[in-house]
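Novice: Input structure: my_file_22.cif, which contains mmCIF, C-alpha atoms.
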data_run
#
loop_
_atom_site.label_atom_id
_atom_site.label_comp_id
_atom_site.auth_asym_id
_atom_site.auth_seq_id
_atom_site.Cartn_x
_atom_site.Cartn_y
_atom_site.Cartn_z
CA MET A 487 19.76 -7.90 -9.05
CA LYS A 488 17.97 -4.75 -10.21
CA ILE A 489 14.41 -3.98 -9.18
CA SER A 490 13.27 -4.67 -12.75
CA GLU A 491 14.57 -8.24 -12.62
CA ALA A 492 13.33 -8.79 -9.06
CA SER A 493 9.86 -7.59 -10.10
CA VAL A 494 9.72 -10.04 -12.99
CA GLN A 495 10.82 -12.91 -10.75
CA ALA A 496 8.23 -11.98 -8.12
CA GLY A 497 5.47 -11.62 -10.71
CA VAL A 498 4.57 -7.98 -9.96
CA SER A 499 5.01 -4.69 -11.78
CA ILE A 500 7.83 -2.34 -10.75
CA PRO A 501 5.34 0.22 -9.32
CA THR A 502 3.77 -2.53 -7.17
CA PHE A 503 7.24 -3.61 -5.97
CA LYS A 504 8.03 0.01 -5.07
CA TYR A 505 4.67 0.41 -3.35
CA TYR A 506 5.36 -2.61 -1.13
CA LEU A 507 8.78 -1.12 -0.31
CA ARG A 508 7.28 2.28 0.58
CA GLU A 509 4.65 0.63 2.78
CA GLY A 510 7.35 -1.27 4.64
CA LEU A 511 5.90 -4.65 3.59
CA VAL A 512 9.24 -5.58 1.98
CA GLN A 513 12.67 -4.93 3.48
CA PRO A 514 14.82 -2.26 1.73
CA GLY A 515 17.42 -3.36 -0.82
CA GLU A 516 21.13 -2.72 -0.53
CA ARG A 517 22.02 0.81 -1.65
CA LEU A 518 25.00 0.50 -4.01
CA SER A 519 25.06 4.12 -5.21
CA THR A 520 22.69 7.08 -5.32
CA ASN A 521 20.75 5.58 -8.21
CA GLN A 522 21.34 1.86 -7.79
CA THR A 523 19.84 -0.51 -5.24
CA ALA A 524 20.41 -4.25 -5.23
CA TYR A 525 17.76 -6.85 -4.42
CA ASP A 526 18.18 -10.58 -3.90
CA ASP A 527 16.12 -13.76 -3.61
CA THR A 528 14.89 -12.84 -0.14
CA HIS A 529 13.17 -9.78 -1.65
CA VAL A 530 11.61 -11.82 -4.43
CA GLN A 531 10.33 -14.36 -1.92
CA ARG A 532 8.94 -11.64 0.32
CA VAL A 533 7.11 -9.87 -2.52
CA ARG A 534 5.51 -13.18 -3.51
CA LEU A 535 4.37 -13.63 0.07
CA VAL A 536 2.91 -10.12 0.25
CA ARG A 537 1.16 -10.63 -3.07
CA ALA A 538 -0.33 -13.93 -1.89
CA LEU A 539 -1.70 -12.33 1.27
CA ILE A 540 -3.18 -9.31 -0.50
CA GLU A 541 -4.32 -10.60 -3.87
CA THR A 542 -5.43 -14.12 -3.00
CA GLY A 543 -5.99 -13.83 0.74
CA GLY A 544 -7.91 -10.60 0.23
CA LEU A 545 -6.09 -8.83 3.07
CA SER A 546 -5.86 -5.06 3.27
CA ILE A 547 -2.40 -3.48 3.35
CA ALA A 548 -2.88 -2.82 7.05
CA ALA A 549 -3.86 -6.44 7.78
CA ALA A 550 -0.93 -7.74 5.71
CA LYS A 551 1.40 -5.51 7.74
CA ARG A 552 0.07 -6.90 11.01
CA VAL A 553 0.33 -10.50 9.80
CA LEU A 554 3.88 -10.00 8.51
CA ALA A 555 4.91 -8.30 11.76
CA THR A 556 3.98 -11.59 13.44
CA LEU A 557 6.47 -13.37 11.21
CA ASP A 558 9.20 -10.73 11.49
CA SER A 559 9.05 -10.55 15.26
CA GLY A 560 10.23 -14.15 15.63
CA THR A 561 7.22 -15.14 17.72
CA PRO A 562 7.75 -18.64 19.22
CA LEU A 563 5.97 -21.29 17.16
CA ALA A 564 3.65 -22.09 20.06
CA TYR A 565 2.16 -18.61 19.64
CA THR A 566 2.53 -17.94 15.92
CA PHE A 567 -0.96 -19.18 14.98
CA GLU A 568 -2.44 -17.17 17.81
CA ALA A 569 -0.59 -14.00 16.81
CA ALA A 570 -1.58 -14.41 13.15
CA GLN A 571 -5.20 -14.99 14.13
CA HIS A 572 -5.25 -11.81 16.20
CA ALA A 573 -3.58 -9.85 13.40
CA LEU A 574 -6.32 -11.03 11.04
CA ALA A 575 -9.17 -10.34 13.45
CA VAL A 576 -8.39 -6.65 14.03
CA GLY A 577 -10.67 -4.52 11.89
CA GLY A 578 -12.47 -7.55 10.49
CA ALA A 579 -15.45 -9.46 11.82
CA GLY A 580 -13.53 -9.81 15.06
CA ALA A 581 -13.57 -6.07 15.67
CA VAL A 582 -17.21 -5.90 16.79
CA ALA A 583 -18.24 -8.02 19.76
CA ALA A 584 -20.79 -10.71 18.94
CA GLN A 585 -24.05 -11.12 20.87
CA PRO A 586 -23.61 -13.03 24.17
CA ASP A 587 -26.09 -15.70 23.01
CA SER A 588 -24.05 -16.42 19.91
CA LEU A 589 -20.77 -16.49 21.83
CA ALA A 590 -22.32 -18.90 24.32
CA ARG A 591 -23.48 -21.14 21.48
CA ILE A 592 -19.97 -21.26 19.98
CA GLY A 593 -18.58 -21.93 23.46
CA ALA A 594 -20.96 -24.85 23.89
CA LEU A 595 -19.97 -26.15 20.45
CA THR A 596 -16.24 -26.12 21.18
CA ALA A 597 -16.90 -27.70 24.59
CA SER A 598 -18.98 -30.49 23.04
CA HIS A 599 -16.06 -31.22 20.68
CA ALA A 600 -13.67 -31.10 23.66
CA TRP A 601 -11.47 -28.48 22.02
CA ALA A 602 -8.86 -26.91 24.30
CA VAL A 603 -9.15 -23.24 23.40
CA THR A 604 -8.48 -20.00 25.25
CA PRO A 605 -11.18 -17.34 25.65
CA GLU A 606 -8.91 -14.91 23.74
CA ASN A 607 -9.03 -16.92 20.50
CA PRO A 608 -10.57 -14.44 18.03
CA GLY A 609 -12.14 -17.33 16.08
CA ALA A 610 -14.94 -17.52 18.65
CA ASN A 611 -16.02 -13.97 17.92
CA VAL A 612 -15.72 -14.40 14.15
CA ALA A 613 -17.89 -17.54 14.27
CA ALA A 614 -20.38 -15.95 16.70
CA ARG A 615 -20.71 -12.88 14.47
CA ALA A 616 -21.66 -15.21 11.62
CA LEU A 617 -24.42 -16.62 13.87
CA ASP A 618 -25.55 -13.05 14.66
CA ALA A 619 -25.77 -12.26 10.97
CA LEU A 620 -27.64 -15.47 10.17
CA ALA A 621 -30.07 -14.62 12.99
CA ALA A 622 -30.68 -11.28 11.27
CA ILE A 623 -32.28 -13.14 8.37
CA GLY A 624 -34.23 -15.34 10.76
CA PHE A 625 -32.01 -18.40 10.45
CA THR A 626 -30.99 -20.23 13.61
CA PRO A 627 -28.66 -23.07 12.69
CA SER A 628 -29.49 -26.48 14.14
CA ASP A 629 -27.01 -28.33 16.35
CA GLU A 630 -26.42 -30.72 13.44
CA TYR A 631 -25.47 -27.79 11.19
CA LEU A 632 -22.95 -26.43 13.68
CA ASP A 633 -21.58 -29.91 14.41
CA ALA A 634 -20.96 -30.41 10.69
CA TYR A 635 -19.06 -27.12 10.50
CA ALA A 636 -17.04 -27.97 13.63
CA SER A 637 -16.17 -31.41 12.25
CA ALA A 638 -15.08 -29.84 8.97
CA ALA A 639 -12.98 -27.28 10.86
CA SER A 640 -11.33 -30.06 12.82
CA THR A 641 -10.53 -31.99 9.63
CA ILE A 642 -8.96 -28.89 8.06
CA ALA A 643 -7.00 -27.94 11.19
CA HIS A 644 -5.57 -31.44 11.38
CA ALA A 645 -4.42 -31.19 7.75
CA ASP A 646 -2.98 -27.70 8.43
CA LEU A 647 -0.94 -28.94 11.37
CA THR A 648 0.23 -32.08 9.57
CA ALA A 649 1.44 -29.91 6.67
CA LEU A 650 3.65 -27.97 9.08
CA THR A 651 5.56 -31.13 9.94
CA THR A 652 6.81 -31.31 6.33
CA ARG A 653 8.89 -28.18 6.93
CA SER A 654 12.12 -28.34 8.88
CA ARG A 655 13.28 -24.82 9.69
CA PRO A 656 11.29 -22.83 12.29
CA GLU A 657 10.99 -19.76 10.04
CA LEU A 658 9.51 -21.89 7.25
CA ILE A 659 7.02 -23.43 9.68
CA ALA A 660 6.05 -19.98 10.91
CA GLU A 661 5.65 -18.77 7.31
CA LEU A 662 3.29 -21.63 6.49
CA MET A 663 1.32 -21.05 9.71
CA VAL A 664 0.73 -17.43 8.81
CA VAL A 665 0.16 -17.80 5.07
CA GLY A 666 -1.79 -21.02 5.47
CA THR A 667 -4.13 -19.33 7.95
CA VAL A 668 -5.02 -16.79 5.27
CA LEU A 669 -4.95 -18.98 2.17
CA GLY A 670 -6.66 -21.99 3.75
CA ASP A 671 -9.73 -19.79 4.13
CA ALA A 672 -9.67 -19.12 0.38
CA LEU A 673 -9.07 -22.80 -0.41
CA ILE A 674 -12.00 -24.04 1.65
CA ALA A 675 -14.24 -21.24 0.30
CA GLY A 676 -13.49 -22.26 -3.28
CA LEU A 677 -13.96 -25.97 -2.63
CA ARG A 678 -17.18 -25.26 -0.73
CA ARG A 679 -18.58 -23.54 -3.86
CA LEU A 680 -17.76 -26.64 -5.89
CA ALA A 681 -19.22 -29.01 -3.32
CA GLN A 682 -22.38 -26.89 -3.15
CA GLU A 683 -22.89 -27.14 -6.88
CA ASN A 684 -22.50 -30.90 -6.66
CA ALA A 685 -25.08 -31.08 -3.86
CA THR A 686 -27.52 -28.53 -5.32
CA ALA A 687 -28.29 -30.46 -8.47
CA ASP A 688 -29.76 -33.27 -6.38
CA LEU A 689 -31.84 -31.08 -4.09
CA PHE A 690 -33.01 -28.40 -6.50
CA PRO A 691 -33.08 -29.95 -9.97
CA ALA A 692 -33.50 -27.46 -12.80
CA ASP A 693 -36.90 -27.64 -14.52
CA ALA A 694 -36.72 -29.33 -17.88
CA GLY A 695 -38.15 -26.21 -19.52
CA THR A 696 -35.58 -23.83 -18.07
CA ASP A 697 -32.62 -26.16 -18.19
CA ARG A 698 -29.61 -24.21 -19.36
CA LYS A 699 -27.30 -27.16 -19.51
CA ASP A 700 -27.05 -29.13 -22.72
CA ALA A 701 -27.83 -32.78 -22.44
CA SER A 702 -24.61 -34.54 -23.25
CA MET X 606 -42.76 3.68 10.55
CA LYS X 607 -40.29 6.56 10.40
CA ILE X 608 -36.69 6.06 9.34
CA SER X 609 -35.58 6.66 12.94
CA GLU X 610 -37.61 3.71 14.20
CA ALA X 611 -36.70 1.49 11.24
CA SER X 612 -33.00 2.24 11.88
CA VAL X 613 -33.27 1.23 15.53
CA GLN X 614 -35.06 -2.00 14.61
CA ALA X 615 -32.45 -2.81 11.98
CA GLY X 616 -29.58 -2.02 14.32
CA VAL X 617 -27.93 0.68 12.20
CA SER X 618 -27.56 4.46 12.48
CA ILE X 619 -29.85 6.72 10.43
CA PRO X 620 -26.93 7.85 8.21
CA THR X 621 -26.09 4.20 7.46
CA PHE X 622 -29.75 3.50 6.63
CA LYS X 623 -29.77 6.52 4.27
CA TYR X 624 -26.47 5.43 2.74
CA TYR X 625 -27.90 2.00 1.91
CA LEU X 626 -30.96 3.72 0.36
CA ARG X 627 -28.77 6.04 -1.74
CA GLU X 628 -26.66 3.11 -2.94
CA GLY X 629 -29.79 1.24 -3.99
CA LEU X 630 -29.08 -1.62 -1.58
CA VAL X 631 -32.46 -1.08 0.10
CA GLN X 632 -35.71 -0.37 -1.71
CA PRO X 633 -37.16 3.18 -1.33
CA GLY X 634 -39.84 3.81 1.30
CA GLU X 635 -43.34 5.06 0.56
CA ARG X 636 -43.35 8.83 0.08
CA LEU X 637 -46.24 10.20 2.20
CA SER X 638 -45.44 13.88 1.78
CA THR X 639 -42.47 16.05 0.81
CA ASN X 640 -40.81 15.49 4.16
CA GLN X 641 -42.22 12.15 5.28
CA THR X 642 -41.39 8.67 4.02
CA ALA X 643 -42.76 5.48 5.53
CA TYR X 644 -40.80 2.29 5.99
CA ASP X 645 -42.02 -1.15 7.02
CA ASP X 646 -40.73 -4.53 8.18
CA THR X 647 -39.48 -5.41 4.71
CA HIS X 648 -37.07 -2.45 4.91
CA VAL X 649 -35.87 -3.46 8.38
CA GLN X 650 -35.29 -7.01 7.18
CA ARG X 651 -33.42 -5.82 4.10
CA VAL X 652 -31.14 -3.48 6.06
CA ARG X 653 -30.27 -6.36 8.41
CA LEU X 654 -29.40 -8.48 5.39
CA VAL X 655 -27.21 -5.75 3.86
CA ARG X 656 -25.47 -5.22 7.18
CA ALA X 657 -24.79 -8.95 7.54
CA LEU X 658 -23.26 -9.14 4.08
CA ILE X 659 -21.06 -6.06 4.52
CA GLU X 660 -20.08 -6.07 8.19
CA THR X 661 -19.81 -9.79 8.89
CA GLY X 662 -19.37 -11.19 5.40
CA GLY X 663 -16.77 -8.53 4.63
CA LEU X 664 -18.29 -7.74 1.22
CA SER X 665 -17.69 -4.43 -0.51
CA ILE X 666 -20.71 -2.30 -1.40
CA ALA X 667 -20.25 -3.35 -5.02
CA ALA X 668 -20.12 -7.06 -4.16
CA ALA X 669 -23.18 -6.73 -1.89
CA LYS X 670 -25.05 -5.08 -4.78
CA ARG X 671 -24.20 -7.93 -7.12
CA VAL X 672 -25.19 -10.56 -4.56
CA LEU X 673 -28.48 -8.82 -3.77
CA ALA X 674 -29.25 -8.42 -7.47
CA THR X 675 -29.15 -12.22 -7.61
CA LEU X 676 -31.87 -12.34 -4.98
CA ASP X 677 -33.95 -9.51 -6.46
CA SER X 678 -33.93 -10.94 -9.96
CA GLY X 679 -35.89 -14.00 -8.91
CA THR X 680 -33.28 -16.40 -10.25
CA PRO X 681 -34.63 -19.99 -10.20
CA LEU X 682 -33.39 -21.88 -7.14
CA ALA X 683 -31.44 -24.28 -9.33
CA TYR X 684 -29.20 -21.36 -10.32
CA THR X 685 -29.24 -19.15 -7.21
CA PHE X 686 -26.09 -20.64 -5.68
CA GLU X 687 -24.33 -20.35 -9.00
CA ALA X 688 -25.37 -16.73 -9.46
CA ALA X 689 -24.33 -15.82 -5.92
CA GLN X 690 -20.98 -17.54 -6.39
CA HIS X 691 -20.33 -15.58 -9.56
CA ALA X 692 -21.38 -12.33 -7.90
CA LEU X 693 -18.85 -13.01 -5.13
CA ALA X 694 -16.05 -14.04 -7.47
CA VAL X 695 -16.02 -10.84 -9.53
CA GLY X 696 -13.20 -8.59 -8.36
CA GLY X 697 -12.08 -11.10 -5.76
CA ALA X 698 -9.68 -14.00 -6.05
CA GLY X 699 -11.78 -15.22 -8.96
CA ALA X 700 -10.91 -12.18 -11.07
CA VAL X 701 -7.37 -13.30 -11.95
CA ALA X 702 -6.99 -16.60 -13.74
CA ALA X 703 -5.10 -19.24 -11.77
CA GLN X 704 -2.11 -21.11 -13.20
CA PRO X 705 -3.12 -24.06 -15.45
CA ASP X 706 -1.24 -26.49 -13.18
CA SER X 707 -3.26 -25.40 -10.15
CA LEU X 708 -6.55 -25.52 -12.04
CA ALA X 709 -5.69 -29.02 -13.24
CA ARG X 710 -4.94 -30.11 -9.68
CA ILE X 711 -8.30 -28.80 -8.44
CA GLY X 712 -9.97 -30.51 -11.41
CA ALA X 713 -8.32 -33.80 -10.49
CA LEU X 714 -9.41 -33.31 -6.87
CA THR X 715 -13.08 -32.76 -7.73
CA ALA X 716 -12.95 -35.70 -10.16
CA SER X 717 -11.48 -37.98 -7.50
CA HIS X 718 -14.36 -37.01 -5.19
CA ALA X 719 -16.80 -37.60 -8.08
CA TRP X 720 -18.29 -34.11 -7.77
CA ALA X 721 -20.58 -33.08 -10.61
CA VAL X 722 -19.42 -29.52 -11.28
CA THR X 723 -19.44 -27.27 -14.33
CA PRO X 724 -16.24 -25.67 -15.65
CA GLU X 725 -17.81 -22.24 -15.01
CA ASN X 726 -18.00 -22.72 -11.24
CA PRO X 727 -15.82 -19.86 -9.90
CA GLY X 728 -14.85 -21.97 -6.88
CA ALA X 729 -12.30 -23.82 -9.00
CA ASN X 730 -10.41 -20.62 -9.75
CA VAL X 731 -10.61 -19.39 -6.15
CA ALA X 732 -9.22 -22.70 -4.87
CA ALA X 733 -6.57 -22.86 -7.61
CA ARG X 734 -5.44 -19.31 -6.82
CA ALA X 735 -4.90 -20.41 -3.23
CA LEU X 736 -2.64 -23.19 -4.55
CA ASP X 737 -0.78 -20.61 -6.68
CA ALA X 738 -0.21 -18.46 -3.63
CA LEU X 739 0.92 -21.40 -1.49
CA ALA X 740 3.34 -22.36 -4.30
CA ALA X 741 4.77 -18.83 -4.08
CA ILE X 742 6.06 -19.63 -0.60
CA GLY X 743 7.35 -22.99 -1.76
CA PHE X 744 4.52 -25.08 -0.35
CA THR X 745 2.97 -27.76 -2.53
CA PRO X 746 0.10 -29.38 -0.64
CA SER X 747 0.06 -33.17 -0.53
CA ASP X 748 -2.86 -35.15 -1.90
CA GLU X 749 -3.83 -35.96 1.69
CA TYR X 750 -3.98 -32.23 2.50
CA LEU X 751 -6.26 -31.47 -0.44
CA ASP X 752 -8.40 -34.54 0.25
CA ALA X 753 -8.93 -33.32 3.82
CA TYR X 754 -10.04 -29.91 2.55
CA ALA X 755 -12.35 -31.49 -0.04
CA SER X 756 -13.91 -33.77 2.57
CA ALA X 757 -14.46 -30.79 4.86
CA ALA X 758 -16.02 -28.81 1.99
CA SER X 759 -18.33 -31.72 1.27
CA THR X 760 -19.39 -31.95 4.92
CA ILE X 761 -20.15 -28.21 5.00
CA ALA X 762 -21.99 -28.20 1.67
CA HIS X 763 -24.18 -31.06 2.85
CA ALA X 764 -25.07 -29.10 6.00
CA ASP X 765 -25.72 -25.98 3.90
CA LEU X 766 -28.11 -27.82 1.62
CA THR X 767 -29.88 -29.59 4.48
CA ALA X 768 -30.43 -26.22 6.17
CA LEU X 769 -32.25 -25.00 3.07
CA THR X 770 -34.87 -27.73 3.48
CA THR X 771 -35.95 -26.12 6.78
CA ARG X 772 -37.31 -23.12 4.86
CA SER X 773 -40.57 -23.36 2.97
CA ARG X 774 -40.96 -20.31 0.73
CA PRO X 775 -38.70 -20.05 -2.34
CA GLU X 776 -37.62 -16.49 -1.52
CA LEU X 777 -36.52 -17.57 1.98
CA ILE X 778 -34.56 -20.47 0.51
CA ALA X 779 -32.89 -18.13 -1.99
CA GLU X 780 -32.07 -15.68 0.83
CA LEU X 781 -30.37 -18.39 2.86
CA MET X 782 -28.48 -19.65 -0.20
CA VAL X 783 -27.06 -16.21 -0.84
CA VAL X 784 -26.42 -15.14 2.74
CA GLY X 785 -25.26 -18.59 3.79
CA THR X 786 -22.72 -18.63 0.97
CA VAL X 787 -21.16 -15.49 2.41
CA LEU X 788 -21.56 -16.15 6.13
CA GLY X 789 -20.66 -19.83 6.00
CA ASP X 790 -17.18 -18.75 4.91
CA ALA X 791 -16.90 -16.60 8.06
CA LEU X 792 -18.29 -19.40 10.24
CA ILE X 793 -15.80 -21.99 9.02
CA ALA X 794 -12.93 -19.47 9.21
CA GLY X 795 -13.72 -18.75 12.86
CA LEU X 796 -14.12 -22.41 13.79
CA ARG X 797 -10.90 -23.27 11.94
CA ARG X 798 -9.00 -20.78 14.16
CA LEU X 799 -10.41 -22.51 17.23
CA ALA X 800 -9.64 -25.99 15.92
CA GLN X 801 -6.10 -24.89 15.04
CA GLU X 802 -5.47 -23.70 18.58
CA ASN X 803 -6.69 -27.03 19.89
CA ALA X 804 -4.37 -28.91 17.53
CA THR X 805 -1.34 -26.62 17.93
CA ALA X 806 -0.87 -27.20 21.63
CA ASP X 807 -0.15 -30.88 20.95
CA LEU X 808 2.24 -30.35 18.06
CA PHE X 809 4.11 -27.26 19.20
CA PRO X 810 4.01 -27.21 23.00
CA ALA X 811 5.15 -23.97 24.58
CA ASP X 812 8.54 -24.20 26.34
CA ALA X 813 8.15 -24.37 30.11
CA GLY X 814 10.25 -21.22 30.42
CA THR X 815 8.12 -19.17 28.06
CA ASP X 816 4.76 -20.63 28.96
CA ARG X 817 2.26 -17.80 29.16
CA LYS X 818 -0.63 -19.94 30.32
CA ASP X 819 -1.11 -20.49 34.02
CA ALA X 820 -1.05 -24.07 35.14
CA SER X 821 -4.54 -24.78 36.37
#
So that I can check it, write out the structure of this file as structure tokens.
Specialist:
Amino acid sequence: MKISEASVQAGVSIPTFKYYLREGLVQPGERLSTNQTAYDDTHVQRVRLVRALIETGGLSIAAAKRVLATLDSGTPLAYTFEAAQHALAVGGAGAVAAQPDSLARIGALTASHAWAVTPENPGANVAARALDALAAIGFTPSDEYLDAYASAASTIAHADLTALTTRSRPELIAELMVVGTVLGDALIAGLRRLAQENATADLFPADAGTDRKDAS
Amino acid sequence: MKISEASVQAGVSIPTFKYYLREGLVQPGERLSTNQTAYDDTHVQRVRLVRALIETGGLSIAAAKRVLATLDSGTPLAYTFEAAQHALAVGGAGAVAAQPDSLARIGALTASHAWAVTPENPGANVAARALDALAAIGFTPSDEYLDAYASAASTIAHADLTALTTRSRPELIAELMVVGTVLGDALIAGLRRLAQENATADLFPADAGTDRKDAS
């Protein structure tokens, strides 16, 4: 198909499609003549994937490239999550080393939950950097707070892994590992906002005088 | 104190401190003479907060400005979460409307968990956009998958709200609401990476021949 049709199917503009091609995020089409290039369903699928990572996952072009390289390199499934996690950590909160105290606290947390994790997992630094930043506003989370987060993480990870078993082909499993790593963060962030609203009304009721919600 | 000392205390370079001042992210110091301006602990605290939002929370300057405006405007606590959530959603995944199907699915999910949420909560669109993006790679999450995420979100939100009760002054509560909204996302993302590694080893064991971990 022509790039115009492929763009429509992928849900992007032609300039965006061309931009992804130029950046090497999408494989080149088949050159039929000097002014005609053919694209197929694999291109449409790939553009959708790139769009999901960038627009919804909030990844930079550079981060999307690193994450996709993980997929394209045919990394064994045992290491796909790990490779995707490292690709995401570069340049993000994982780029700066957290304070030793915070890293030790995250280490103690994973140990208390008996998680088998390697010291290289970039998640430890990302989580510890969050503790550093909370400390900067004078907030030291209680053990109960961190336990709640760890339990929630465990619940999500279990769902993530179970979802992988619904896919049969290794490349589809790898795709979901990589994309799910990015989009699961967005999904839990959105649901957390909703759950917070539900919980806030109980703890911090609006004054009757300043209530902006209609009684209904 | 001088800007040099305030910068050291806040953990940023002098150019970064000046950049935050120019961008209006930090309130001006007290002008003592034409070439001397005094800063105090409130400036140090504010720079730490800005740094946490930008470096660890991954916010853009524009998003940090919107979030901080929420704090500075003295929004009643009943609406601080809501205001912070809207400030974060602008320009992010909340900026593009999700597909009606995905929004309906998130609506059904919150209803099944009996969450009291308003239609304006931007979390619904963020979560629905994640479903859109997962659909783009042919993955439709099961009800069990979404229930697991919703349960995790509820666990986290409960911990978030409980943490607020440890702070006494309204401005400190508001600060933690705003900063915690941003940094909690980083904390759960990091812990999720760790929990995934723990769960992956069971489901996708490395082949003996390609095992990169030493037996120990």
Novice: Between A:Ala675, A:Ala643, A:Ala584, A:Ala660, which is the closest to Ala555 of chain A once you count all atoms listed in the file?
Specialist: A:Ala660
Novice: Take the PyMOL selection byres ((chain X and resi 728) around 6), apply it to the structure above, and return the hits as an NGL selection string.
Specialist: (:A and (676-677 or 679-680)) or (:X and (726-727 or 729-731))
Novice: What separation in Å, quoted to one decimal, exists between atom CA of Leu714 of chain X and atom CA of Ser759 of chain X?
Specialist: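 Distance reported for this atom pair: 12.2 Å.
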Novice: Hey, what's within 12 Å of Asp677 of chain X if we count all atoms listed in the file and toss same-chain stuff fewer than 5 positions away? As a list in words, please?
Specialist: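 These residues fall inside the cut-off: Gly629, Leu630, Val631, Gln632, Arg651, Lys670, Arg671, Val672, Thr685, Ala688, Ala689, Glu776, Leu777, Ala779, Glu780 and Val783 of chain X.
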Novice: Run the PyMOL selection byres ((chain A and resi 543) around 12) mentally over the shown coordinates, then write out the matched residues as JSON, numbers by chain, using the chain letters and numbers from the document.
Specialist: {"A": [535, 536, 537, 538, 539, 540, 541, 542, 544, 545, 546, 547, 549, 550, 553, 574, 664, 665, 666, 667, 668, 669, 670, 671, 672, 673, 674, 675, 676], "X": [697, 698, 699, 731, 732, 734, 735, 736, 737, 738, 739]}
Novice: With the file shown as input, list the residues that the PyMOL selection byres ((chain A and resi 498) around 12) selects, as a list in words.
Specialist: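 With the PyMOL selection byres ((chain A and resi 498) around 12) on this model, the match is Ile489, Ser490, Glu491, Ala492, Ser493, Val494, Gln495, Ala496, Gly497, Ser499, Ile500, Pro501, Thr502, Phe503, Lys504, Tyr505, Tyr506, Val530, Gln531, Arg532, Val533, Arg534, Leu535, Val536, Arg537, Ala538 and Glu541 of chain A.
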Novice: Measure the distance from atom CA of Thr805 of chain X to atom CA of Asp752 of chain X in Å and round it to one decimal.
Specialist: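 Distance reported for this atom pair: 20.6 Å.
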Novice: Near segment 767-772 of chain X, within 8 Å and counting only C-alpha atoms, which residues show up once chain neighbours fewer than 6 positions away are dropped, as a PyMOL selection string?
Specialist: (chain A and resi 627+631) or (chain X and resi 778+781-782)
Novice: Mind working out the centre and edge lengths of an axis-aligned box for segment 639-643 of chain A, all listed atoms inside, 3 Å added to each side, rounded to one decimal in Å and written as AutoDock Vina command-line options?
Specialist:
--center_x -10.0 --center_y -29.6 --center_z 10.4 --size_x 12.0 --size_y 10.7 --size_z 10.8
Novice: Report the distance between atom CA of Thr715 of chain X and atom CA of Ala758 of chain X in Å, rounded to one decimal place.
Specialist: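 Calculated distance between atom CA of Thr715 of chain X and atom CA of Ala758 of chain X is 10.9 Å.
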Novice: Could you tell me which of X:Ile761, X:Ser717, X:Pro775, X:Glu802 comes closest to Gly679 of chain X if we count only C-alpha atoms?
Specialist: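 Ranking X:Ile761, X:Ser717, X:Pro775, X:Glu802 by distance to Gly679 of chain X, first place goes to X:Pro775.
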Novice: Can you pull out every residue within 7 Å of Met606 of chain X, counting all atoms listed in the file, but drop anything in the same chain fewer than 5 positions away, and send it as a list in words?
Specialist: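 Counting only the stated atoms, we get Ala611, Ala643, Tyr644 and Asp645 of chain X.
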Novice: With all atoms listed in the file as the basis for distance, which of X:Leu766, X:Thr642, X:Ile711, X:Pro633 is at the shortest distance from Ala683 of chain X?
Specialist: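 The answer is X:Leu766, which sits nearest to Ala683 of chain X.
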Novice: Write segment 736-745 of chain X as a compact mmCIF listing (two decimals), in the frame of the given file, completed to N, CA and C atoms.
Specialist:
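And here is the file that came out, out.txt:
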# COMPACT_ATOMS: atom_id res chain seq x y z
N LEU X 736 -3.80 -22.31 -4.28
CA LEU X 736 -2.64 -23.19 -4.55
C LEU X 736 -1.49 -22.39 -5.16
N ASP X 737 -1.81 -21.49 -6.09
CA ASP X 737 -0.78 -20.61 -6.68
C ASP X 737 -0.03 -19.86 -5.58
N ALA X 738 -0.81 -19.29 -4.67
CA ALA X 738 -0.21 -18.46 -3.63
C ALA X 738 0.62 -19.30 -2.66
N LEU X 739 0.14 -20.51 -2.36
CA LEU X 739 0.92 -21.40 -1.49
C LEU X 739 2.22 -21.81 -2.20
N ALA X 740 2.14 -22.00 -3.52
CA ALA X 740 3.34 -22.36 -4.30
C ALA X 740 4.36 -21.22 -4.23
N ALA X 741 3.87 -19.99 -4.13
CA ALA X 741 4.77 -18.83 -4.08
C ALA X 741 5.64 -18.84 -2.82
N ILE X 742 5.20 -19.52 -1.78
CA ILE X 742 6.06 -19.63 -0.60
C ILE X 742 6.68 -21.04 -0.54
N GLY X 743 6.66 -21.71 -1.68
CA GLY X 743 7.35 -22.99 -1.76
C GLY X 743 6.60 -24.15 -1.13
N PHE X 744 5.29 -24.00 -0.96
CA PHE X 744 4.52 -25.08 -0.35
C PHE X 744 3.60 -25.72 -1.39
N THR X 745 3.84 -26.99 -1.65
CA THR X 745 2.97 -27.76 -2.53
C THR X 745 2.19 -28.73 -1.66
